[in-house]
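Okay, so here's the structure we're looking at.
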Amino acid sequence: MAHFDVFNGDADGICALRQLRLAHPREATLVTGVKRDIALLERVEAGPGDRVTVLDIALDSNRAALTRILAAGARVRYFDHHFPGEIPTHPGLDCHIETSPDKGTSLLVDEFVGGRFRAWAVVGTYGDNFDAAADRAAVPLGLAAAELALLRELGICINYNGYGAAVADLHCAPDDLYRRLCRYADPLAFIREDPTFQRLSSGYADDLARARGTAPSLMQAHHRLHILPDEPWARRVSGVFANALAQAAPQCAHALLTRLPHGGFLVSVRAPLTRPAGADQLCRQFATGGGRKAAAGINHLPEADYDRFAAAFAAAF
């Protein structure tokens, strides 16, 4: 029997898997990639009796591969919070999917494992920009304010590390980062003891400072649009900069467009934090778009579609 752990390379996916494997240890083949690399089930060749665990990637984007894997006789357990489309009914599929605007995969797994590894759920939830939900989840932990701030910083740094057009853009490959985290049952111990945290924290601070030096291309009462250059630092910081902008102006919708080496843009969209819905509907209007209600993106927006996107963005919120 083969085991596969298939997970988004961002904070929510990594921290969801960390909780699950603390509760249910299992050696498995890791299948992951940059945050926007979500068609991960295509890489899995599973057969009768194999077990596949999927975390934080949209079912709708992996439907054909999921159907193939189930037909081959494998069993699949699926945790996610993105738009799923129609969820298949199959005896081999165990689905834990919710699309609440402030509940990510880390919190779904936290419920599944009975809250036993809540600190990791808090890290993943902060990383996904659900600060209020993370604050609520952290209450039973009784942490000091400084400790809670460190968990938030770790979540942001893990999430930051997932952004890029390719793994080469990142400071640490997501599977390698996950293996490093697996050395620690307590995320605060990872922060204290593993040099990876300081490397990510310093990289995040440097890249964010560069991003903050850019002026918005569109600035209206309820909309902000930034364009970042074709540089590795810009691709790394795109998602967390969008989150930071959303936190700073919670009544506004934000779009961050990062130029890609082959032309066009990588797009991150954040709905207003005061009205966290509509980002996924906007991005699904474009060929490579998807995501969740509060935060979504487009993997490749052609240059010719920029005006159409700007108009749709302004109309959506």
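Residue names in the structure tokens use chain letters A, B, ... in the order shown, residue numbers from 1 in each chain, and ligand numbers from 1 in the order shown.
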Nearby residues (only C-alpha atoms) at most 9 Å from Cys182 (chain A), same-chain spacing under 5 positions excluded, as a list in words: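 Contacts, in chain order: Arg18, Arg21, Leu22 and Leu177 of chain A.
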Those in region 29-233 of chain A with strand (DSSP E or B) from DSSP, as a PyMOL selection string: chain A and resi 29-31+51-55+75-80+93-97+218-219+223-228
Each residue of region 1-67 of chain A lying at most 7 Å from region 123-141 of chain A should get a row with its shortest atom-to-atom pair and the distance in Å to one decimal, counting only C-alpha atoms; could you produce that, ordered by chain and increasing number, as JSON lines?
{"residue": "A:Ala11", "atom": "CA", "partner": "A:Gly124", "partner_atom": "CA", "distance": 4.9}
{"residue": "A:Asp12", "atom": "CA", "partner": "A:Gly124", "partner_atom": "CA", "distance": 4.3}
{"residue": "A:Cys15", "atom": "CA", "partner": "A:Gly124", "partner_atom": "CA", "distance": 5.2}
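Within the 8 Å cut-off around Gly73 (chain A), using only C-alpha atoms and omitting residues fewer than 5 positions from it on the same chain, the listed residues are Ala46, Gly47, Pro48, Gly49, Asp50 and Gly92 of chain A.
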Which of A:Leu143, A:Ala58, A:Ala221, A:Ile69 sits closest to Gly85 (chain A) [using only C-alpha atoms]: A:Ala58
Residue neighbourhood Lys293 (chain A), 6 Å, only C-alpha atoms, exclusion window fewer than 2 positions, as a list of chain:residue names: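 The residues satisfying every condition are A:Pro101, A:Ala277, A:Gly278, A:Ala279, A:Asp280, A:Ala295.
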Alpha helix (DSSP H) positions in region 8-197 of chain A, given as a PyMOL selection string: chain A and resi 11-23+63-71+105-112+118-127+131-138+145-162+174-181+187-193+195-197
Shell around Val54 (chain A) at 6 Å using only C-alpha atoms, local window under 6 positions removed, as a ChimeraX atom specification: /A:6-7,78
Quick one: write out the picked residues with N, CA and C atoms as a PDB file, in the first residue's frame?
ATOM      1  N   VAL A   6      -0.681  15.145  -0.428  1.00  0.00           N
ATOM      2  CA  VAL A   6      -0.736  16.134  -1.508  1.00  0.00           C
ATOM      3  C   VAL A   6      -1.214  17.433  -0.885  1.00  0.00           C
ATOM      4  N   PHE A   7      -0.370  18.482  -0.916  1.00  0.00           N
ATOM      5  CA  PHE A   7      -0.713  19.683  -0.144  1.00  0.00           C
ATOM      6  C   PHE A   7      -0.197  20.950  -0.801  1.00  0.00           C
ATOM      7  N   TYR A  78      -9.991  14.249   1.704  1.00  0.00           N
ATOM      8  CA  TYR A  78      -9.831  15.576   1.090  1.00  0.00           C
ATOM      9  C   TYR A  78     -10.248  16.660   2.075  1.00  0.00           C
TER      10      TYR A  78
END
Residue with smallest distance to Ala246 (chain A) - pool A:Thr274, A:Ser61, A:Asn8, A:Asn159, counting only C-alpha atoms: A:Thr274
For His171 (chain A), find every residue with an atom within 9 Å (counting only C-alpha atoms), except residues of its own chain fewer than 2 positions away, and show them as a PDB file with all heavy atoms, in the first residue's frame.
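Written output follows (result.pdb):
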ATOM      1  N   ASN A 161       6.893  32.250   1.738  1.00  0.00           N
ATOM      2  CA  ASN A 161       7.811  31.347   1.056  1.00  0.00           C
ATOM      3  C   ASN A 161       7.154  30.568  -0.072  1.00  0.00           C
ATOM      4  O   ASN A 161       7.833  30.074  -0.965  1.00  0.00           O
ATOM      5  CB  ASN A 161       8.422  30.362   2.054  1.00  0.00           C
ATOM      6  CG  ASN A 161       9.436  29.448   1.401  1.00  0.00           C
ATOM      7  OD1 ASN A 161      10.527  29.875   1.025  1.00  0.00           O
ATOM      8  ND2 ASN A 161       9.067  28.182   1.216  1.00  0.00           N
ATOM      9  N   GLY A 162       5.816  30.464  -0.071  1.00  0.00           N
ATOM     10  CA  GLY A 162       5.147  29.680  -1.092  1.00  0.00           C
ATOM     11  C   GLY A 162       4.942  30.387  -2.412  1.00  0.00           C
ATOM     12  O   GLY A 162       4.631  29.745  -3.420  1.00  0.00           O
ATOM     13  N   VAL A 167       9.693  26.975  -8.100  1.00  0.00           N
ATOM     14  CA  VAL A 167      10.366  26.716  -6.830  1.00  0.00           C
ATOM     15  C   VAL A 167      11.686  27.483  -6.756  1.00  0.00           C
ATOM     16  O   VAL A 167      12.117  27.901  -5.672  1.00  0.00           O
ATOM     17  CB  VAL A 167      10.582  25.195  -6.640  1.00  0.00           C
ATOM     18  CG1 VAL A 167      11.486  24.906  -5.443  1.00  0.00           C
ATOM     19  CG2 VAL A 167       9.240  24.498  -6.448  1.00  0.00           C
ATOM     20  N   ALA A 168      12.325  27.712  -7.903  1.00  0.00           N
ATOM     21  CA  ALA A 168      13.595  28.447  -7.915  1.00  0.00           C
ATOM     22  C   ALA A 168      13.455  29.868  -7.372  1.00  0.00           C
ATOM     23  O   ALA A 168      14.441  30.461  -6.921  1.00  0.00           O
ATOM     24  CB  ALA A 168      14.156  28.494  -9.336  1.00  0.00           C
ATOM     25  N   ASP A 169      12.247  30.437  -7.408  1.00  0.00           N
ATOM     26  CA  ASP A 169      12.034  31.776  -6.851  1.00  0.00           C
ATOM     27  C   ASP A 169      12.035  31.782  -5.328  1.00  0.00           C
ATOM     28  O   ASP A 169      12.192  32.841  -4.708  1.00  0.00           O
ATOM     29  CB  ASP A 169      10.686  32.345  -7.309  1.00  0.00           C
ATOM     30  CG  ASP A 169      10.672  32.796  -8.760  1.00  0.00           C
ATOM     31  OD1 ASP A 169      11.760  33.090  -9.301  1.00  0.00           O
ATOM     32  OD2 ASP A 169       9.580  32.859  -9.346  1.00  0.00           O
ATOM     33  N   ALA A 173      12.248  25.140  -0.789  1.00  0.00           N
ATOM     34  CA  ALA A 173      11.218  24.343  -1.448  1.00  0.00           C
ATOM     35  C   ALA A 173      10.170  23.930  -0.412  1.00  0.00           C
ATOM     36  O   ALA A 173      10.516  23.565   0.712  1.00  0.00           O
ATOM     37  CB  ALA A 173      11.829  23.116  -2.096  1.00  0.00           C
ATOM     38  N   ARG A 199      15.920  33.146   8.269  1.00  0.00           N
ATOM     39  CA  ARG A 199      16.154  33.364   6.831  1.00  0.00           C
ATOM     40  C   ARG A 199      14.870  33.841   6.142  1.00  0.00           C
ATOM     41  O   ARG A 199      14.893  34.784   5.340  1.00  0.00           O
ATOM     42  CB  ARG A 199      16.666  32.064   6.195  1.00  0.00           C
ATOM     43  CG  ARG A 199      16.891  32.140   4.695  1.00  0.00           C
ATOM     44  CD  ARG A 199      17.917  31.128   4.234  1.00  0.00           C
ATOM     45  NE  ARG A 199      17.563  29.777   4.581  1.00  0.00           N
ATOM     46  CZ  ARG A 199      17.053  28.879   3.734  1.00  0.00           C
ATOM     47  NH1 ARG A 199      16.832  29.225   2.467  1.00  0.00           N
ATOM     48  NH2 ARG A 199      16.769  27.663   4.108  1.00  0.00           N
ATOM     49  N   LEU A 200      13.754  33.204   6.472  1.00  0.00           N
ATOM     50  CA  LEU A 200      12.483  33.609   5.868  1.00  0.00           C
ATOM     51  C   LEU A 200      12.048  34.974   6.370  1.00  0.00           C
ATOM     52  O   LEU A 200      11.544  35.797   5.598  1.00  0.00           O
ATOM     53  CB  LEU A 200      11.403  32.569   6.168  1.00  0.00           C
ATOM     54  CG  LEU A 200      11.601  31.167   5.586  1.00  0.00           C
ATOM     55  CD1 LEU A 200      10.424  30.272   5.950  1.00  0.00           C
ATOM     56  CD2 LEU A 200      11.785  31.223   4.078  1.00  0.00           C
ATOM     57  N   GLY A 203      14.155  37.644   4.642  1.00  0.00           N
ATOM     58  CA  GLY A 203      13.756  37.763   3.240  1.00  0.00           C
ATOM     59  C   GLY A 203      12.425  38.464   3.090  1.00  0.00           C
ATOM     60  O   GLY A 203      12.251  39.314   2.199  1.00  0.00           O
ATOM     61  N   ARG A 236       7.932  36.607  -5.090  1.00  0.00           N
ATOM     62  CA  ARG A 236       7.900  36.056  -3.732  1.00  0.00           C
ATOM     63  C   ARG A 236       6.946  36.827  -2.821  1.00  0.00           C
ATOM     64  O   ARG A 236       6.246  36.246  -2.002  1.00  0.00           O
ATOM     65  CB  ARG A 236       9.303  36.087  -3.112  1.00  0.00           C
ATOM     66  CG  ARG A 236      10.254  35.038  -3.609  1.00  0.00           C
ATOM     67  CD  ARG A 236      11.469  34.944  -2.691  1.00  0.00           C
ATOM     68  NE  ARG A 236      12.202  36.191  -2.585  1.00  0.00           N
ATOM     69  CZ  ARG A 236      13.266  36.509  -3.316  1.00  0.00           C
ATOM     70  NH1 ARG A 236      13.696  35.657  -4.255  1.00  0.00           N
ATOM     71  NH2 ARG A 236      13.894  37.650  -3.142  1.00  0.00           N
TER      72      ARG A 236
END
Minimum-distance residue to Pro250 (chain A), chosen among A:Arg36, A:His222, A:Cys95, A:Leu266 (using only C-alpha atoms): A:His222
CA of Ala312 (chain A) to CA of Gly290 (chain A), distance in Å rounded to a single decimal: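 The value is 14.7 Å.
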Near-region 186-198 of chain A list (10 Å; only C-alpha atoms; drop same-chain fewer than 5 positions) as an MDAnalysis selection string: chainID A and resid 15 117:120 122:123 147:148 150:151 153:155 157:158 171:172 177 180:181 203:204
Separation of CA of Val52 (chain A) from CA of Val34 (chain A) in Å: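 Computing it gives 19.6 Å between the two atoms.
Compared by their closest atoms to Gly13 (chain A), and using only C-alpha atoms, the residues A:Ala166, A:Ile38, A:Ala234, A:Leu260 rank with A:Ile38 nearest.
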Atomic separation - CA of Val44 (chain A) relative to CA of Ala65 (chain A), Å: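 For CA of Ala65 (chain A) relative to CA of Val44 (chain A), the distance reads 8.1 Å.
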Given only C-alpha atoms as the counted atoms, nearest of A:Ala211, A:Ala244, A:Leu70, A:Ala165 to His300 (chain A):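 Of A:Ala211, A:Ala244, A:Leu70, A:Ala165, the one nearest His300 (chain A), counting only C-alpha atoms, is A:Ala165.
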